[in-house]
Amino acid sequence: MEKISKNKQKEVNKLLANKERNKQQLFLVFDLASIKKAKQLNLLKEAYETKDGVVGIVKFLPHQPLGNQIIYLDEISDPSNLGKIIYLMKKYGIKDLMLSPNCVSIYNEKCLAIAKENIFDINLSYGDINTLRKLKEDYQIVATGLKSTNYLDKLKLKKKFILIFGNESRGVNPDILKLAHEVVKIDIKNIDSLNVAVAASIIFAHLI
């Protein structure tokens with residue numbers, strides 16, 4: 001792996017901005033495991049040694065047909081939470097991740113610092129409430145909501161399902177809650193709300 005030049009470093013730095021990533025359909029990874037995985041999948045464009053370690057320039061993830069288990073994130077704003085959820089998805093064998101409009105980018109460097117090479121095991125897609133309406137015909141839609149009286153231990157997932165987690169401060173969009181077949185609440189006393197990644201870890205452990 002060759003050392004990065006000053007000119008190339010300037011080009012790389014541009015990809016730290018979401019607008020430029022979307023324009024070029026490229027993102028950056030900063031660890032050897034991610035570079036290796038990207039190369040195996042023919043997604044690696046270039047890789048260099050830097051003064052701080054390594055950097056890989058990688059093509060955006062390709063989209064594959066949806067499977068039976070989908071995680072839908074509704075306007076998640078913290079990239080660290082997104083990275084933790086991707087890590088959990090890998091742990092529990094869930095591949096399909098759908099992001100709503102205005103979600104933080106999966107290619108954000110803070111997200112990738114946590115997700116690392118696990119991002120390459122994700123089948124990424126994007127969808128809004130209209131997408132969910134169409135999928136409702138074939139999938140059981142389960143959302144999380146603090147005001148629900150249905151607790152997690154009463155829920156039984158069908159073969160094809162979509163688990164929906166909401167924004168860190170606002171929760172799941174009320175219109176999506178109305179659309180869901182089931183809205184569930186984690187039964188934890190003396191706690192008003194949970195970090196979305198913590199909530200995801202509890203629900204995955206109970207249901208998957």
# chains A, B, ... in the order shown; residues from 1 in each chain; ligands from 1
>>> residues_around(residues="Asp175 of chain A", least_positions_apart="6", cutoff="12 Å", atoms="only C-alpha atoms", output="compact mmCIF listing (two decimals) with N, CA and C atoms, in the first residue's frame")
# COMPACT_ATOMS: atom_id res chain seq x y z
N ASP A 74 -36.18 5.37 11.36
CA ASP A 74 -36.94 6.56 11.04
C ASP A 74 -36.24 7.82 11.57
N ASP A 128 -39.67 5.65 2.28
CA ASP A 128 -40.49 6.51 3.12
C ASP A 128 -41.75 5.77 3.54
N ILE A 129 -42.73 6.50 4.05
CA ILE A 129 -43.95 5.85 4.53
C ILE A 129 -44.71 5.16 3.40
N ASN A 130 -44.59 5.70 2.18
CA ASN A 130 -45.25 5.05 1.05
C ASN A 130 -44.62 3.69 0.74
N LEU A 132 -43.31 1.76 3.02
CA LEU A 132 -43.82 0.88 4.08
C LEU A 132 -45.25 0.43 3.78
N ARG A 133 -46.06 1.33 3.22
CA ARG A 133 -47.44 0.95 2.88
C ARG A 133 -47.45 -0.20 1.87
N ALA A 143 -43.49 -1.48 15.22
CA ALA A 143 -42.81 -0.24 15.59
C ALA A 143 -42.66 -0.17 17.11
N GLY A 166 -37.29 4.66 15.99
CA GLY A 166 -37.47 6.07 15.68
C GLY A 166 -36.35 6.98 16.10
>>> select_by_dssp(residues="segment 35-135 of chain A", states="helix (DSSP H, G or I)", output="VMD selection string")
chain A and resid 35 to 40 79 to 91 109 to 121 129 to 135
>>> write_last_selection(atoms="C-alpha atoms", output="mmCIF file, in the first residue's frame")
data_model
loop_
_atom_site.group_PDB
_atom_site.id
_atom_site.type_symbol
_atom_site.label_atom_id
_atom_site.label_comp_id
_atom_site.auth_asym_id
_atom_site.auth_seq_id
_atom_site.Cartn_x
_atom_site.Cartn_y
_atom_site.Cartn_z
ATOM 1 C CA ILE A 35 -10.294 -2.270 3.168
ATOM 2 C CA LYS A 36 -9.813 -6.026 2.861
ATOM 3 C CA LYS A 37 -13.574 -6.700 2.829
ATOM 4 C CA ALA A 38 -14.195 -3.958 0.245
ATOM 5 C CA LYS A 39 -11.483 -5.435 -1.969
ATOM 6 C CA GLN A 40 -13.023 -8.913 -1.715
ATOM 7 C CA PRO A 79 -24.201 8.353 13.490
ATOM 8 C CA SER A 80 -22.842 6.450 16.498
ATOM 9 C CA ASN A 81 -26.295 4.936 17.112
ATOM 10 C CA LEU A 82 -26.492 3.938 13.461
ATOM 11 C CA GLY A 83 -23.081 2.273 13.683
ATOM 12 C CA LYS A 84 -24.102 0.349 16.815
ATOM 13 C CA ILE A 85 -27.304 -0.883 15.170
ATOM 14 C CA ILE A 86 -25.353 -2.108 12.134
ATOM 15 C CA TYR A 87 -22.993 -3.946 14.491
ATOM 16 C CA LEU A 88 -25.994 -5.531 16.234
ATOM 17 C CA MET A 89 -27.560 -6.507 12.918
ATOM 18 C CA LYS A 90 -24.424 -8.428 12.013
ATOM 19 C CA LYS A 91 -24.425 -10.131 15.431
ATOM 20 C CA GLU A 109 -17.136 8.455 9.520
ATOM 21 C CA LYS A 110 -18.508 8.214 13.093
ATOM 22 C CA CYS A 111 -20.913 5.492 11.998
ATOM 23 C CA LEU A 112 -18.153 3.602 10.208
ATOM 24 C CA ALA A 113 -15.809 3.884 13.192
ATOM 25 C CA ILE A 114 -18.235 1.620 15.065
ATOM 26 C CA ALA A 115 -19.687 -0.508 12.267
ATOM 27 C CA LYS A 116 -16.285 -1.106 10.601
ATOM 28 C CA GLU A 117 -16.287 -4.024 8.140
ATOM 29 C CA ASN A 118 -19.792 -5.065 9.244
ATOM 30 C CA ILE A 119 -21.174 -2.409 6.922
ATOM 31 C CA PHE A 120 -20.352 -4.683 3.985
ATOM 32 C CA ASP A 121 -22.754 -7.329 5.300
ATOM 33 C CA ILE A 129 -43.947 5.853 4.532
ATOM 34 C CA ASN A 130 -45.247 5.052 1.047
ATOM 35 C CA THR A 131 -42.619 2.319 0.768
ATOM 36 C CA LEU A 132 -43.821 0.882 4.077
ATOM 37 C CA ARG A 133 -47.438 0.946 2.875
ATOM 38 C CA LYS A 134 -46.489 -1.196 -0.097
ATOM 39 C CA LEU A 135 -44.431 -3.597 2.019
#
>>> closest_atom_pairs(of="segment 20-98 of chain A", to="segment 8-16 of chain A", cutoff="7 Å", atoms="only C-alpha atoms", output="Markdown table")
| residue | atom | partner | partner_atom | distance |
| --- | --- | --- | --- | --- |
| A:Glu20 | CA | A:Leu15 | CA | 5.6 |
| A:Arg21 | CA | A:Leu15 | CA | 5.2 |
| A:Phe27 | CA | A:Leu15 | CA | 6.2 |
| A:Leu28 | CA | A:Leu15 | CA | 6.9 |
>>> write_last_selection(atoms="N, CA, C and O atoms", output="compact mmCIF listing (two decimals), in the first residue's frame")
# COMPACT_ATOMS: atom_id res chain seq x y z
N GLU A 20 -20.45 15.58 -1.14
CA GLU A 20 -19.43 15.10 -2.08
C GLU A 20 -19.49 13.58 -2.21
O GLU A 20 -19.28 13.04 -3.30
N ARG A 21 -19.76 12.89 -1.10
CA ARG A 21 -19.90 11.43 -1.17
C ARG A 21 -21.03 11.04 -2.12
O ARG A 21 -20.89 10.14 -2.96
N PHE A 27 -17.22 6.49 -0.62
CA PHE A 27 -17.05 6.80 0.79
C PHE A 27 -15.70 6.30 1.27
O PHE A 27 -14.98 5.59 0.55
N LEU A 28 -15.35 6.66 2.52
CA LEU A 28 -14.04 6.34 3.07
C LEU A 28 -14.15 5.32 4.20
O LEU A 28 -15.09 5.36 4.99
>>> residues_around(residues="Ser169 of chain A", least_positions_apart="3", cutoff="12 Å", atoms="only C-alpha atoms", output="list in words")
Asp74, Glu75, Ile76, Ser77, Asp78, Gly145, Leu146, Phe165, Gly166, Val172, Asn173, Asp192, Ser193, Leu194, Asn195 and Val196 of chain A
>>> write_last_selection(atoms="all heavy atoms", output="short mmCIF file (atom, residue, chain, number, x, y, z; two decimals), in the first residue's frame")
data_model
loop_
_atom_site.label_atom_id
_atom_site.label_comp_id
_atom_site.auth_asym_id
_atom_site.auth_seq_id
_atom_site.Cartn_x
_atom_site.Cartn_y
_atom_site.Cartn_z
N ASP A 74 -36.18 5.37 11.36
CA ASP A 74 -36.94 6.56 11.04
C ASP A 74 -36.24 7.82 11.57
O ASP A 74 -36.32 8.14 12.75
CB ASP A 74 -38.34 6.44 11.65
CG ASP A 74 -39.22 7.64 11.35
OD1 ASP A 74 -39.05 8.26 10.28
OD2 ASP A 74 -40.09 7.96 12.19
N GLU A 75 -35.53 8.49 10.67
CA GLU A 75 -34.86 9.76 10.97
C GLU A 75 -33.89 9.68 12.15
O GLU A 75 -33.82 10.57 13.00
CB GLU A 75 -35.89 10.87 11.19
CG GLU A 75 -36.73 11.13 9.95
CD GLU A 75 -37.55 12.41 10.03
OE1 GLU A 75 -37.32 13.22 10.96
OE2 GLU A 75 -38.40 12.60 9.15
N ILE A 76 -33.11 8.60 12.22
CA ILE A 76 -32.04 8.51 13.21
C ILE A 76 -31.01 9.60 12.90
O ILE A 76 -30.58 9.75 11.76
CB ILE A 76 -31.38 7.12 13.15
CG1 ILE A 76 -32.38 6.02 13.48
CG2 ILE A 76 -30.17 7.04 14.08
CD1 ILE A 76 -32.97 6.10 14.86
N SER A 77 -30.60 10.34 13.93
CA SER A 77 -29.72 11.48 13.69
C SER A 77 -28.29 11.28 14.19
O SER A 77 -27.37 11.96 13.73
CB SER A 77 -30.30 12.74 14.35
OG SER A 77 -30.42 12.56 15.75
N ASP A 78 -28.09 10.36 15.11
CA ASP A 78 -26.76 10.14 15.70
C ASP A 78 -26.03 9.04 14.93
O ASP A 78 -26.46 7.88 14.96
CB ASP A 78 -26.91 9.76 17.17
CG ASP A 78 -25.58 9.66 17.91
OD1 ASP A 78 -24.56 9.39 17.24
OD2 ASP A 78 -25.57 9.84 19.14
N GLY A 145 -42.88 2.22 20.53
CA GLY A 145 -43.54 3.44 20.98
C GLY A 145 -43.72 3.46 22.48
O GLY A 145 -44.18 2.48 23.09
N LEU A 146 -43.37 4.58 23.10
CA LEU A 146 -43.42 4.69 24.56
C LEU A 146 -44.85 4.64 25.10
O LEU A 146 -45.07 4.21 26.24
CB LEU A 146 -42.76 6.00 25.00
CG LEU A 146 -41.23 6.06 24.93
CD1 LEU A 146 -40.76 7.47 25.24
CD2 LEU A 146 -40.62 5.07 25.90
N PHE A 165 -37.49 1.54 14.29
CA PHE A 165 -36.97 2.31 15.41
C PHE A 165 -36.95 3.79 15.02
O PHE A 165 -36.62 4.13 13.89
CB PHE A 165 -35.56 1.85 15.78
CG PHE A 165 -35.51 0.42 16.23
CD1 PHE A 165 -35.26 -0.60 15.32
CD2 PHE A 165 -35.73 0.09 17.55
CE1 PHE A 165 -35.22 -1.93 15.72
CE2 PHE A 165 -35.68 -1.24 17.97
CZ PHE A 165 -35.44 -2.25 17.05
N GLY A 166 -37.29 4.66 15.99
CA GLY A 166 -37.47 6.07 15.68
C GLY A 166 -36.35 6.98 16.10
O GLY A 166 -35.37 6.56 16.73
N VAL A 172 -40.80 7.30 16.81
CA VAL A 172 -41.29 6.96 15.47
C VAL A 172 -42.37 7.94 15.05
O VAL A 172 -43.23 8.33 15.85
CB VAL A 172 -41.85 5.51 15.46
CG1 VAL A 172 -42.45 5.18 14.09
CG2 VAL A 172 -40.75 4.52 15.81
N ASN A 173 -42.33 8.34 13.80
CA ASN A 173 -43.33 9.23 13.22
C ASN A 173 -44.74 8.71 13.52
O ASN A 173 -45.03 7.53 13.30
CB ASN A 173 -43.10 9.30 11.70
CG ASN A 173 -44.02 10.26 11.00
OD1 ASN A 173 -45.23 10.20 11.15
ND2 ASN A 173 -43.44 11.14 10.20
N ASP A 192 -37.96 6.57 31.35
CA ASP A 192 -38.91 7.12 30.38
C ASP A 192 -38.56 6.72 28.95
O ASP A 192 -39.44 6.50 28.12
CB ASP A 192 -38.94 8.65 30.49
CG ASP A 192 -39.55 9.10 31.81
OD1 ASP A 192 -40.42 8.38 32.34
OD2 ASP A 192 -39.16 10.17 32.31
N SER A 193 -37.27 6.70 28.64
CA SER A 193 -36.86 6.36 27.28
C SER A 193 -35.48 5.73 27.28
O SER A 193 -34.72 5.88 28.24
CB SER A 193 -36.86 7.61 26.39
OG SER A 193 -35.90 8.55 26.83
N LEU A 194 -35.18 5.03 26.20
CA LEU A 194 -33.89 4.37 26.04
C LEU A 194 -33.18 4.89 24.81
O LEU A 194 -33.83 5.27 23.82
CB LEU A 194 -34.09 2.86 25.89
CG LEU A 194 -34.54 2.06 27.11
CD1 LEU A 194 -34.90 0.64 26.69
CD2 LEU A 194 -33.44 2.03 28.16
N ASN A 195 -31.87 4.89 24.84
CA ASN A 195 -31.08 5.14 23.64
C ASN A 195 -31.53 4.15 22.57
O ASN A 195 -31.77 2.98 22.85
CB ASN A 195 -29.61 4.95 23.99
CG ASN A 195 -28.71 5.04 22.79
OD1 ASN A 195 -28.64 4.12 21.98
ND2 ASN A 195 -28.01 6.15 22.67
N VAL A 196 -31.65 4.62 21.32
CA VAL A 196 -32.21 3.78 20.26
C VAL A 196 -31.38 2.52 20.03
O VAL A 196 -31.92 1.45 19.75
CB VAL A 196 -32.40 4.59 18.96
CG1 VAL A 196 -31.06 5.06 18.40
CG2 VAL A 196 -33.17 3.78 17.93
#
>>> residues_around(residues="Asp153 of chain A", least_positions_apart="5", cutoff="9 Å", atoms="only C-alpha atoms", output="PyMOL selection string")
chain A and resi 186-187+206-207
>>> closest_residue(among="A:Gln25, A:Asn167, A:Ser100, A:Asn123", to="Gly67 of chain A", atoms="only C-alpha atoms")
A:Asn123
